[in-house]
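Structure data follow from structure-v2.cif (mmCIF, C-alpha atoms and all ligand atoms):
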data_coords
#
loop_
_atom_site.label_atom_id
_atom_site.label_comp_id
_atom_site.auth_asym_id
_atom_site.auth_seq_id
_atom_site.Cartn_x
_atom_site.Cartn_y
_atom_site.Cartn_z
CA MET A 217 0.00 0.00 0.00
CA ASN A 218 1.25 3.51 -0.81
CA PRO A 219 0.95 5.44 2.49
CA ALA A 220 0.27 8.66 0.57
CA VAL A 221 -2.81 7.30 -1.19
CA PRO A 222 -6.07 7.00 0.77
CA GLN A 223 -7.91 3.71 0.49
CA PRO A 224 -11.71 4.00 0.27
CA GLY A 225 -13.67 2.98 3.36
CA ARG A 226 -17.44 2.90 3.60
CA VAL A 227 -19.32 4.08 6.67
CA VAL A 228 -21.45 1.15 7.83
CA ARG A 229 -22.64 2.60 11.13
CA ARG A 230 -22.76 6.02 12.72
CA ARG A 231 -23.49 6.84 16.35
CA GLN A 232 -23.96 10.35 17.73
CA ASP A 233 -22.06 10.11 21.04
CA THR A 234 -22.48 13.68 22.27
CA ALA A 235 -23.59 17.00 20.77
CA ASP A 236 -20.30 17.38 18.85
CA THR A 237 -18.87 13.86 18.79
CA VAL A 238 -19.65 10.94 16.50
CA THR A 239 -18.37 7.36 16.21
CA ILE A 240 -18.23 5.83 12.75
CA GLU A 241 -17.61 2.20 11.85
CA LEU A 242 -15.87 1.60 8.53
CA THR A 243 -15.50 -1.29 6.15
CA GLY A 244 -13.13 -1.54 3.19
CA ALA A 245 -14.78 -0.58 -0.09
CA GLY A 246 -13.09 -3.00 -2.50
CA GLN A 247 -10.32 -4.41 -0.29
CA PRO A 248 -10.30 -4.91 3.52
CA LEU A 249 -9.07 -2.04 5.65
CA PRO A 250 -5.70 -2.63 7.36
CA ALA A 251 -5.38 -3.76 10.98
CA PHE A 252 -4.56 -1.11 13.58
CA GLN A 253 -3.00 -1.48 17.04
CA PRO A 254 -4.29 0.43 20.09
CA GLY A 255 -2.89 3.96 20.05
CA GLN A 256 -2.19 4.06 16.32
CA PHE A 257 -4.02 6.51 14.07
CA ALA A 258 -5.33 6.83 10.54
CA MET A 259 -5.37 9.87 8.28
CA LEU A 260 -9.06 10.08 7.41
CA THR A 261 -10.05 11.98 4.27
CA ALA A 262 -13.33 13.79 3.86
CA TYR A 263 -13.22 13.89 0.07
CA GLY A 264 -13.12 17.43 -1.24
CA VAL A 265 -12.43 18.88 2.21
CA GLY A 266 -9.15 17.47 3.55
CA ASP A 267 -7.60 14.84 5.77
CA VAL A 268 -6.87 14.73 9.50
CA PRO A 269 -5.30 12.29 11.96
CA ILE A 270 -7.89 10.32 13.93
CA SER A 271 -7.09 7.53 16.39
CA ILE A 272 -8.54 4.11 16.21
CA SER A 273 -11.27 3.87 18.90
CA GLY A 274 -12.29 0.26 18.30
CA ILE A 275 -10.47 -2.57 16.58
CA GLU A 276 -12.48 -5.65 17.35
CA GLY A 277 -13.29 -7.59 14.22
CA ALA A 278 -12.51 -6.41 10.71
CA ARG A 279 -14.26 -3.07 11.03
CA PRO A 280 -12.36 -0.22 12.69
CA THR A 281 -14.22 2.53 14.50
CA HIS A 282 -13.16 6.16 14.90
CA THR A 283 -14.60 8.66 17.37
CA ILE A 284 -14.43 12.19 16.00
CA ARG A 285 -15.12 15.54 17.64
CA ALA A 286 -16.23 18.24 15.22
CA VAL A 287 -13.88 21.20 15.78
CA GLY A 288 -13.22 22.43 12.23
CA ALA A 289 -13.91 21.89 8.54
CA VAL A 290 -12.56 18.35 8.13
CA THR A 291 -13.81 16.90 11.41
CA ARG A 292 -17.24 18.50 10.79
CA ALA A 293 -17.38 16.83 7.36
CA LEU A 294 -16.31 13.45 8.81
CA CYS A 295 -18.93 13.73 11.58
CA ALA A 296 -21.59 14.46 8.97
CA ALA A 297 -20.83 11.26 7.00
CA ARG A 298 -23.80 8.88 6.88
CA PRO A 299 -23.96 5.08 6.42
CA GLY A 300 -23.09 4.34 2.80
CA ASP A 301 -20.78 7.36 2.42
CA LEU A 302 -17.14 6.89 1.42
CA ILE A 303 -14.20 8.19 3.49
CA GLY A 304 -10.51 7.92 2.60
CA VAL A 305 -8.29 5.94 4.99
CA ARG A 306 -4.49 6.02 5.21
CA GLY A 307 -2.62 4.08 7.85
CA PRO A 308 -1.99 2.48 10.25
CA PHE A 309 0.44 5.18 11.37
CA GLY A 310 2.54 5.75 14.46
CA ILE A 311 3.63 3.84 17.52
CA GLY A 312 0.77 2.83 19.82
CA TRP A 313 0.57 1.97 23.51
CA ASP A 314 3.10 -0.52 24.84
CA LEU A 315 0.66 -2.98 26.41
CA ASP A 316 3.36 -5.58 27.10
CA ALA A 317 4.68 -3.21 29.77
CA ALA A 318 1.48 -3.75 31.78
CA ALA A 319 1.57 -7.56 31.95
CA GLY A 320 1.63 -8.64 35.61
CA HIS A 321 1.21 -5.04 36.80
CA ASP A 322 -1.53 -2.83 38.19
CA VAL A 323 -2.83 -0.57 35.40
CA LEU A 324 -4.08 3.00 35.43
CA VAL A 325 -5.87 4.35 32.37
CA VAL A 326 -6.51 8.10 32.63
CA ALA A 327 -8.50 9.95 29.97
CA GLY A 328 -9.63 13.53 29.51
CA GLY A 329 -12.50 14.24 27.09
CA ILE A 330 -12.01 12.79 23.60
CA GLY A 331 -8.76 11.25 24.99
CA LEU A 332 -10.87 8.25 25.97
CA ALA A 333 -11.19 7.36 22.26
CA PRO A 334 -7.60 6.13 21.74
CA LEU A 335 -7.66 4.51 25.19
CA ARG A 336 -10.87 2.54 24.54
CA PRO A 337 -8.99 -0.23 22.65
CA VAL A 338 -6.49 -0.37 25.55
CA VAL A 339 -9.25 -1.07 28.08
CA GLU A 340 -10.86 -3.61 25.75
CA ARG A 341 -7.53 -5.43 25.33
CA LEU A 342 -6.83 -5.40 29.08
CA LEU A 343 -10.27 -6.78 29.92
CA ALA A 344 -10.17 -9.40 27.14
CA ASP A 345 -7.08 -10.86 28.85
CA ARG A 346 -7.98 -9.82 32.39
CA ALA A 347 -5.93 -12.54 34.16
CA SER A 348 -2.67 -11.11 32.74
CA TYR A 349 -3.02 -7.87 34.74
CA ARG A 350 -3.47 -7.06 38.41
CA LYS A 351 -5.78 -4.21 39.47
CA VAL A 352 -7.13 -2.04 36.64
CA SER A 353 -8.47 1.49 37.28
CA VAL A 354 -9.96 3.65 34.53
CA LEU A 355 -10.21 7.35 35.40
CA VAL A 356 -12.30 9.48 33.05
CA GLY A 357 -12.73 13.25 33.15
CA ALA A 358 -15.21 15.24 31.09
CA ARG A 359 -16.25 18.88 31.02
CA GLN A 360 -19.85 17.98 31.89
CA PRO A 361 -21.89 14.76 32.30
CA ALA A 362 -23.41 15.06 28.81
CA GLU A 363 -19.88 14.90 27.34
CA LEU A 364 -18.91 11.57 28.95
CA LEU A 365 -18.14 9.15 26.12
CA TYR A 366 -19.17 5.49 25.90
CA PRO A 367 -21.51 5.25 28.93
CA ASP A 368 -22.48 1.68 27.95
CA ASP A 369 -18.83 0.64 27.79
CA LEU A 370 -18.08 2.27 31.15
CA ALA A 371 -20.93 0.29 32.72
CA ARG A 372 -19.74 -2.95 31.09
CA TRP A 373 -16.09 -2.34 32.04
CA SER A 374 -17.08 -1.77 35.69
CA ALA A 375 -17.65 -5.54 36.10
CA GLN A 376 -13.91 -6.12 35.62
CA ALA A 377 -12.22 -2.82 36.47
CA GLN A 378 -12.59 0.15 38.77
CA ILE A 379 -14.21 3.01 36.84
CA LEU A 380 -14.00 6.54 38.25
CA THR A 381 -15.70 9.37 36.37
CA VAL A 382 -15.39 13.05 37.24
CA VAL A 383 -16.75 16.21 35.62
CA ASP A 384 -15.60 19.85 35.69
CA ARG A 385 -19.17 21.16 35.73
CA PRO A 386 -21.91 19.03 37.31
CA ALA A 387 -25.47 19.02 35.97
CA ASP A 388 -28.78 18.10 37.61
CA GLY A 389 -28.65 14.48 38.73
CA TRP A 390 -24.84 14.22 38.83
CA THR A 391 -23.83 12.61 42.13
CA GLY A 392 -20.21 11.80 41.29
CA PRO A 393 -17.06 13.79 42.01
CA VAL A 394 -16.49 17.27 40.54
CA GLY A 395 -13.14 18.68 39.43
CA LEU A 396 -10.24 17.77 37.20
CA VAL A 397 -9.39 14.12 36.59
CA THR A 398 -6.49 14.45 39.04
CA THR A 399 -9.15 14.78 41.79
CA VAL A 400 -9.92 11.06 41.65
CA ILE A 401 -6.33 9.77 41.52
CA PRO A 402 -6.26 9.15 45.31
CA ALA A 403 -9.35 6.92 44.91
CA ALA A 404 -7.66 4.64 42.37
CA ALA A 405 -7.35 1.13 43.82
CA VAL A 406 -3.93 0.44 42.31
CA ASP A 407 -0.55 0.34 44.04
CA PRO A 408 1.36 3.25 42.40
CA ALA A 409 4.79 1.66 42.72
CA THR A 410 3.75 -1.35 40.65
CA SER A 411 1.50 0.50 38.20
CA VAL A 412 1.78 1.19 34.50
CA ALA A 413 -0.20 4.27 33.42
CA TYR A 414 -1.70 5.22 30.04
CA LEU A 415 -2.69 8.89 29.68
CA CYS A 416 -4.52 10.74 26.92
CA GLY A 417 -6.20 14.14 26.93
CA PRO A 418 -5.26 17.80 26.63
CA GLU A 419 -1.52 18.35 27.18
CA LEU A 420 -2.07 20.27 30.42
CA MET A 421 -4.19 17.42 31.76
CA MET A 422 -1.50 14.88 30.86
CA ARG A 423 1.22 16.99 32.50
CA PHE A 424 -0.69 17.47 35.77
CA THR A 425 -1.80 13.84 35.81
CA ALA A 426 1.69 12.48 35.14
CA GLN A 427 3.15 14.73 37.83
CA ALA A 428 0.47 13.62 40.33
CA LEU A 429 1.07 9.95 39.54
CA ILE A 430 4.84 10.26 39.75
CA SER A 431 4.63 12.11 43.08
CA ARG A 432 2.52 9.18 44.37
CA GLY A 433 5.26 6.74 43.37
CA VAL A 434 4.45 5.62 39.81
CA PRO A 435 7.85 5.29 38.08
CA ALA A 436 8.05 8.02 35.38
CA GLU A 437 9.15 5.55 32.70
CA GLN A 438 5.99 3.51 33.42
CA VAL A 439 3.82 6.47 32.36
CA GLN A 440 2.89 6.63 28.66
CA VAL A 441 1.23 9.64 27.02
CA SER A 442 -0.22 10.22 23.54
CA LEU A 443 0.82 13.48 21.88
CA GLU A 444 -1.16 15.49 19.33
CA ARG A 445 0.38 17.63 16.64
CA CYS A 446 -0.78 18.92 13.29
CA MET A 447 -0.19 16.22 10.66
CA ARG A 448 0.05 16.20 6.89
CA CYS A 449 1.83 13.11 5.54
CA GLY A 450 1.58 10.85 8.61
CA VAL A 451 4.78 8.99 7.74
CA GLY A 452 7.72 11.25 8.58
CA TRP A 453 8.15 12.99 5.20
CA CYS A 454 6.80 16.54 5.60
CA GLY A 455 7.97 17.69 9.05
CA HIS A 456 4.60 19.24 10.00
CA CYS A 457 4.33 17.26 13.22
CA GLN A 458 7.83 18.00 14.53
CA LEU A 459 8.08 18.47 18.29
CA GLY A 460 11.65 18.97 19.44
CA PRO A 461 13.64 15.99 18.16
CA LEU A 462 10.49 13.96 17.47
CA LEU A 463 8.27 13.56 14.46
CA ILE A 464 5.05 12.71 16.27
CA CYS A 465 3.57 10.75 13.36
CA ARG A 466 6.59 8.45 13.26
CA ASP A 467 8.12 8.51 16.77
CA GLY A 468 4.73 8.80 18.53
CA PRO A 469 1.96 9.54 19.11
CA VAL A 470 2.55 7.41 22.22
CA VAL A 471 5.82 8.16 24.02
CA PRO A 472 7.11 7.53 27.55
CA TYR A 473 6.48 10.53 29.82
CA PRO A 474 10.21 11.23 30.39
CA VAL A 475 10.50 11.82 26.61
CA ALA A 476 7.36 14.01 26.47
CA GLU A 477 7.89 15.99 29.66
CA PRO A 478 10.41 18.59 28.39
CA LEU A 479 8.38 19.01 25.17
CA LEU A 480 4.87 19.39 26.57
CA SER A 481 5.03 23.16 26.97
CA THR A 482 6.13 23.65 23.33
CA ARG A 483 3.45 25.54 21.39
CA GLU A 484 2.49 24.44 17.89
CA LEU A 485 3.59 26.73 15.03
C1 LIG A 501 -2.32 11.34 16.47
C2 LIG A 501 -3.61 12.10 16.57
C3 LIG A 501 -4.78 11.43 16.88
C4 LIG A 501 -5.99 12.14 16.96
N1 LIG A 501 -7.12 11.42 17.26
C5 LIG A 501 -8.30 12.07 17.29
C6 LIG A 501 -9.50 11.35 17.56
O1 LIG A 501 -9.50 10.13 17.77
N2 LIG A 501 -10.66 12.03 17.54
C7 LIG A 501 -10.70 13.39 17.32
O2 LIG A 501 -11.80 13.97 17.33
N3 LIG A 501 -9.58 14.10 17.10
C8 LIG A 501 -8.39 13.47 17.07
N4 LIG A 501 -7.26 14.19 16.80
C9 LIG A 501 -7.38 15.64 16.60
C10 LIG A 501 -7.83 15.92 15.19
O3 LIG A 501 -6.84 15.50 14.28
C11 LIG A 501 -8.08 17.44 15.04
O4 LIG A 501 -9.22 17.78 15.80
C12 LIG A 501 -8.32 17.78 13.59
O5 LIG A 501 -7.08 17.74 12.92
C13 LIG A 501 -8.94 19.16 13.43
O6 LIG A 501 -9.09 19.36 12.03
P1 LIG A 501 -10.23 20.29 11.39
O7 LIG A 501 -9.85 20.57 9.98
O8 LIG A 501 -11.58 19.70 11.65
O9 LIG A 501 -10.15 21.56 12.28
P2 LIG A 501 -9.19 22.82 12.08
O10 LIG A 501 -9.80 23.72 11.08
O11 LIG A 501 -7.78 22.38 11.91
O12 LIG A 501 -9.33 23.42 13.53
C14 LIG A 501 -10.50 24.10 13.91
C15 LIG A 501 -10.31 24.72 15.25
O13 LIG A 501 -10.28 23.70 16.24
C16 LIG A 501 -9.07 23.77 16.96
N5 LIG A 501 -8.69 22.41 17.18
C17 LIG A 501 -7.95 21.62 16.37
N6 LIG A 501 -7.82 20.42 16.91
C18 LIG A 501 -8.49 20.45 18.08
C19 LIG A 501 -8.73 19.53 19.12
N7 LIG A 501 -8.24 18.28 19.07
N8 LIG A 501 -9.50 19.91 20.18
C20 LIG A 501 -10.00 21.16 20.25
N9 LIG A 501 -9.79 22.08 19.31
C21 LIG A 501 -9.04 21.73 18.25
C22 LIG A 501 -8.11 24.50 16.10
O14 LIG A 501 -7.12 25.12 16.92
C23 LIG A 501 -9.01 25.48 15.41
O15 LIG A 501 -9.26 26.59 16.23
C24 LIG A 501 -6.02 13.52 16.74
C25 LIG A 501 -4.85 14.21 16.43
C26 LIG A 501 -3.66 13.51 16.35
C27 LIG A 501 -2.40 14.25 16.02
S1 LIG A 502 3.03 14.46 9.50
FE1 LIG A 502 4.56 14.65 8.02
S2 LIG A 502 6.39 14.28 9.14
FE2 LIG A 502 4.78 13.85 10.56
#
Entire entry expressed as structure tokens:
Amino acid sequence: MNPAVPQPGRVVRRRQDTADTVTIELTGAGQPLPAFQPGQFAMLTAYGVGDVPISISGIEGARPTHTIRAVGAVTRALCAARPGDLIGVRGPFGIGWDLDAAAGHDVLVVAGGIGLAPLRPVVERLLADRASYRKVSVLVGARQPAELLYPDDLARWSAQAQILTVVDRPADGWTGPVGLVTTVIPAAAVDPATSVAYLCGPELMMRFTAQALISRGVPAEQVQVSLERCMRCGVGWCGHCQLGPLLICRDGPVVPYPVAEPLLSTREL
């Protein structure tokens, strides 16, 4: 496959998750779509509009899913796609989560907002092979209850893992904790010293969360974060996604926190 040429994928299912977020399930139109690993991303093309990097949010079976928040022209066009519509797919790109690192360990999965999308396949993998891991805690922060993604999955996961949800702004009926996702770290059932942590969300959230975990005893090199930068080629050719010495499309998006830490305050050009 030429990584510069999008392969056609057909939308077979579309679910409106929240007011501005949609999950689409794709199937190969002509040939099967490639297999993705948790944490990897595709460049999705809205034909006639443009292409953007979007993580894989589900990889069970032959049909990948992507969860997309409409923030601009391309993501709005992708969110508007209906069953039967064609979308271009390039990928898989990037280095995903190192799940081998978690075998035999306690596991912390910490997501902020749409950051739960690339972590959803992590939780599914952990729970599909539950005996290989010790305690698993999934901490999810959202701006408000209506923005919490995958409520059905959260309920299903709670049979096998500790699920802690927290919102910045409560609404009527919300009885859970209020604040940033760091608020619920002390309630996580895991032993920090033996934990591996997977973090995805806004950079500030990842920085504060990583610092909080490390100060509680999680070894810094056991903390993995997923970085976001503007992408064009997705394969290390164009330089758009450069962050310090890294090309995020090729060397990331998932990197160990000690690699990300000195780069996290770097603004995008
Ligand atoms: C590796 C990687 C994986 C990603 N995975 C996902 C994913 O699974 N789901 C998803 O929805 N997005 C994901 N993104 C972000 C997504 O690529 C951007 O939201 C998208 O490129 C915006 O393109 P646009 O043309 O729609 O908006 P633009 O016209 O580029 O931007 C519109 C406005 O939104 C702002 N904006 C851009 N990106 C974001 C953002 N992420 N959040 C808030 N505001 C933003 C811009 O600053 C601008 O003001 C990922 C990005 C990377 C690098
Ligand atoms: S997007 Fe082109 S080098 Fe990373």
query: Neighbours of ligand LIG 501 (chain A) within 9 Å, counting only C-alpha atoms and all ligand atoms, as a ChimeraX atom specification?
result: /A:237-238,255-259,265-273,282-294,309-310,330-334,418,442-447,450,457,464-465,468-470
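Every protein or nucleic acid residue with an atom no more than 8 Å from A:Ala409, counting only C-alpha atoms and leaving out same-chain residues fewer than 4 positions away, appears here: Gly433, Val434 and Pro435 of chain A.
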Take the residues that were just selected and, keeping C-alpha atoms, output them as an mmCIF file, keeping the file's coordinate frame.
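Wrote it out as again12.cif, contents follow:
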data_model
loop_
_atom_site.group_PDB
_atom_site.id
_atom_site.type_symbol
_atom_site.label_atom_id
_atom_site.label_comp_id
_atom_site.auth_asym_id
_atom_site.auth_seq_id
_atom_site.Cartn_x
_atom_site.Cartn_y
_atom_site.Cartn_z
ATOM 1 C CA GLY A 433 5.260 6.740 43.370
ATOM 2 C CA VAL A 434 4.450 5.620 39.810
ATOM 3 C CA PRO A 435 7.850 5.290 38.080
#
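Residues lying within 7 Å of A:Ile240, counting all atoms listed in the file and ignoring same-chain neighbours fewer than 4 positions away, are Val227, Arg229, Arg230, Arg231, Thr281, His282 and Thr283 of chain A.
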Selection: 12 Å around A:Leu302, only C-alpha atoms, excl. self and same-chain fewer than 4 positions, as an mmCIF file with C-alpha atoms, in the coordinates of the input:
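File written: result.cif
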data_model
loop_
_atom_site.group_PDB
_atom_site.id
_atom_site.type_symbol
_atom_site.label_atom_id
_atom_site.label_comp_id
_atom_site.auth_asym_id
_atom_site.auth_seq_id
_atom_site.Cartn_x
_atom_site.Cartn_y
_atom_site.Cartn_z
ATOM 1 C CA PRO A 222 -6.070 7.000 0.770
ATOM 2 C CA GLN A 223 -7.910 3.710 0.490
ATOM 3 C CA PRO A 224 -11.710 4.000 0.270
ATOM 4 C CA GLY A 225 -13.670 2.980 3.360
ATOM 5 C CA ARG A 226 -17.440 2.900 3.600
ATOM 6 C CA VAL A 227 -19.320 4.080 6.670
ATOM 7 C CA VAL A 228 -21.450 1.150 7.830
ATOM 8 C CA ARG A 229 -22.640 2.600 11.130
ATOM 9 C CA ILE A 240 -18.230 5.830 12.750
ATOM 10 C CA GLU A 241 -17.610 2.200 11.850
ATOM 11 C CA LEU A 242 -15.870 1.600 8.530
ATOM 12 C CA THR A 243 -15.500 -1.290 6.150
ATOM 13 C CA GLY A 244 -13.130 -1.540 3.190
ATOM 14 C CA ALA A 245 -14.780 -0.580 -0.090
ATOM 15 C CA GLY A 246 -13.090 -3.000 -2.500
ATOM 16 C CA LEU A 260 -9.060 10.080 7.410
ATOM 17 C CA THR A 261 -10.050 11.980 4.270
ATOM 18 C CA ALA A 262 -13.330 13.790 3.860
ATOM 19 C CA TYR A 263 -13.220 13.890 0.070
ATOM 20 C CA GLY A 264 -13.120 17.430 -1.240
ATOM 21 C CA ALA A 293 -17.380 16.830 7.360
ATOM 22 C CA LEU A 294 -16.310 13.450 8.810
ATOM 23 C CA ALA A 296 -21.590 14.460 8.970
ATOM 24 C CA ALA A 297 -20.830 11.260 7.000
ATOM 25 C CA ARG A 298 -23.800 8.880 6.880
#
query: With all atoms listed in the file as the atoms that count, which of A:Val397, A:Ala371, A:Val221, A:Ala278 lies nearest to A:Pro248?
result: A:Ala278
Distance query 9 Å from (-3.9, 3.1, 35.2) using only C-alpha atoms, result as JSON, numbers by chain: {"A": [322, 323, 324, 325, 326, 351, 352, 353, 354, 355, 404, 406, 408, 411, 412, 413, 414, 415, 439]}
Write the residues of the selection above to a file with C-alpha atoms, as a PDB file, keeping the file's coordinate frame.
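What landed in out37.pdb:
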ATOM      1  CA  ASP A 322      -1.530  -2.830  38.190  1.00  0.00           C
ATOM      2  CA  VAL A 323      -2.830  -0.570  35.400  1.00  0.00           C
ATOM      3  CA  LEU A 324      -4.080   3.000  35.430  1.00  0.00           C
ATOM      4  CA  VAL A 325      -5.870   4.350  32.370  1.00  0.00           C
ATOM      5  CA  VAL A 326      -6.510   8.100  32.630  1.00  0.00           C
ATOM      6  CA  LYS A 351      -5.780  -4.210  39.470  1.00  0.00           C
ATOM      7  CA  VAL A 352      -7.130  -2.040  36.640  1.00  0.00           C
ATOM      8  CA  SER A 353      -8.470   1.490  37.280  1.00  0.00           C
ATOM      9  CA  VAL A 354      -9.960   3.650  34.530  1.00  0.00           C
ATOM     10  CA  LEU A 355     -10.210   7.350  35.400  1.00  0.00           C
ATOM     11  CA  ALA A 404      -7.660   4.640  42.370  1.00  0.00           C
ATOM     12  CA  VAL A 406      -3.930   0.440  42.310  1.00  0.00           C
ATOM     13  CA  PRO A 408       1.360   3.250  42.400  1.00  0.00           C
ATOM     14  CA  SER A 411       1.500   0.500  38.200  1.00  0.00           C
ATOM     15  CA  VAL A 412       1.780   1.190  34.500  1.00  0.00           C
ATOM     16  CA  ALA A 413      -0.200   4.270  33.420  1.00  0.00           C
ATOM     17  CA  TYR A 414      -1.700   5.220  30.040  1.00  0.00           C
ATOM     18  CA  LEU A 415      -2.690   8.890  29.680  1.00  0.00           C
ATOM     19  CA  VAL A 439       3.820   6.470  32.360  1.00  0.00           C
TER      20      VAL A 439
END
task: Work out how far atom CA of A:Cys449 is from atom CA of A:Pro474, in Å to one decimal.
output: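 Interatomic distance here is 26.3 Å.
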Kindly output stretch 451-462 of chain A as a PDB file, in the frame of the given file, after building N, CA, C and O atoms.
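Saved as out16.pdb:
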ATOM      1  N   VAL A 451       3.732  10.025   7.818  1.00  0.00           N
ATOM      2  CA  VAL A 451       4.780   8.990   7.740  1.00  0.00           C
ATOM      3  C   VAL A 451       6.212   9.547   7.836  1.00  0.00           C
ATOM      4  O   VAL A 451       7.167   8.894   7.422  1.00  0.00           O
ATOM      5  N   GLY A 452       6.363  10.751   8.355  1.00  0.00           N
ATOM      6  CA  GLY A 452       7.720  11.250   8.580  1.00  0.00           C
ATOM      7  C   GLY A 452       8.347  11.954   7.390  1.00  0.00           C
ATOM      8  O   GLY A 452       9.570  12.146   7.367  1.00  0.00           O
ATOM      9  N   TRP A 453       7.574  12.353   6.390  1.00  0.00           N
ATOM     10  CA  TRP A 453       8.150  12.990   5.200  1.00  0.00           C
ATOM     11  C   TRP A 453       8.120  14.527   5.272  1.00  0.00           C
ATOM     12  O   TRP A 453       9.032  15.192   4.793  1.00  0.00           O
ATOM     13  N   CYS A 454       7.039  15.097   5.823  1.00  0.00           N
ATOM     14  CA  CYS A 454       6.800  16.540   5.600  1.00  0.00           C
ATOM     15  C   CYS A 454       7.298  17.436   6.737  1.00  0.00           C
ATOM     16  O   CYS A 454       7.489  18.636   6.544  1.00  0.00           O
ATOM     17  N   GLY A 455       7.469  16.909   7.921  1.00  0.00           N
ATOM     18  CA  GLY A 455       7.970  17.690   9.050  1.00  0.00           C
ATOM     19  C   GLY A 455       6.906  18.497   9.790  1.00  0.00           C
ATOM     20  O   GLY A 455       7.217  19.163  10.768  1.00  0.00           O
ATOM     21  N   HIS A 456       5.643  18.440   9.358  1.00  0.00           N
ATOM     22  CA  HIS A 456       4.600  19.240  10.000  1.00  0.00           C
ATOM     23  C   HIS A 456       4.445  18.935  11.488  1.00  0.00           C
ATOM     24  O   HIS A 456       4.101  19.813  12.271  1.00  0.00           O
ATOM     25  N   CYS A 457       4.661  17.679  11.853  1.00  0.00           N
ATOM     26  CA  CYS A 457       4.330  17.260  13.220  1.00  0.00           C
ATOM     27  C   CYS A 457       5.549  17.292  14.131  1.00  0.00           C
ATOM     28  O   CYS A 457       5.524  16.683  15.198  1.00  0.00           O
ATOM     29  N   GLN A 458       6.590  18.014  13.737  1.00  0.00           N
ATOM     30  CA  GLN A 458       7.830  18.000  14.530  1.00  0.00           C
ATOM     31  C   GLN A 458       7.599  18.618  15.910  1.00  0.00           C
ATOM     32  O   GLN A 458       6.962  19.662  16.059  1.00  0.00           O
ATOM     33  N   LEU A 459       8.107  17.958  16.925  1.00  0.00           N
ATOM     34  CA  LEU A 459       8.080  18.470  18.290  1.00  0.00           C
ATOM     35  C   LEU A 459       9.449  18.164  18.870  1.00  0.00           C
ATOM     36  O   LEU A 459       9.774  16.996  19.141  1.00  0.00           O
ATOM     37  N   GLY A 460      10.276  19.203  19.019  1.00  0.00           N
ATOM     38  CA  GLY A 460      11.650  18.970  19.440  1.00  0.00           C
ATOM     39  C   GLY A 460      12.316  17.988  18.497  1.00  0.00           C
ATOM     40  O   GLY A 460      12.201  18.124  17.274  1.00  0.00           O
ATOM     41  N   PRO A 461      12.955  16.953  19.034  1.00  0.00           N
ATOM     42  CA  PRO A 461      13.640  15.990  18.160  1.00  0.00           C
ATOM     43  C   PRO A 461      12.697  14.950  17.552  1.00  0.00           C
ATOM     44  O   PRO A 461      13.145  14.106  16.779  1.00  0.00           O
ATOM     45  N   LEU A 462      11.416  15.012  17.896  1.00  0.00           N
ATOM     46  CA  LEU A 462      10.490  13.960  17.470  1.00  0.00           C
ATOM     47  C   LEU A 462       9.667  14.373  16.265  1.00  0.00           C
ATOM     48  O   LEU A 462       9.298  15.538  16.122  1.00  0.00           O
TER      49      LEU A 462
END
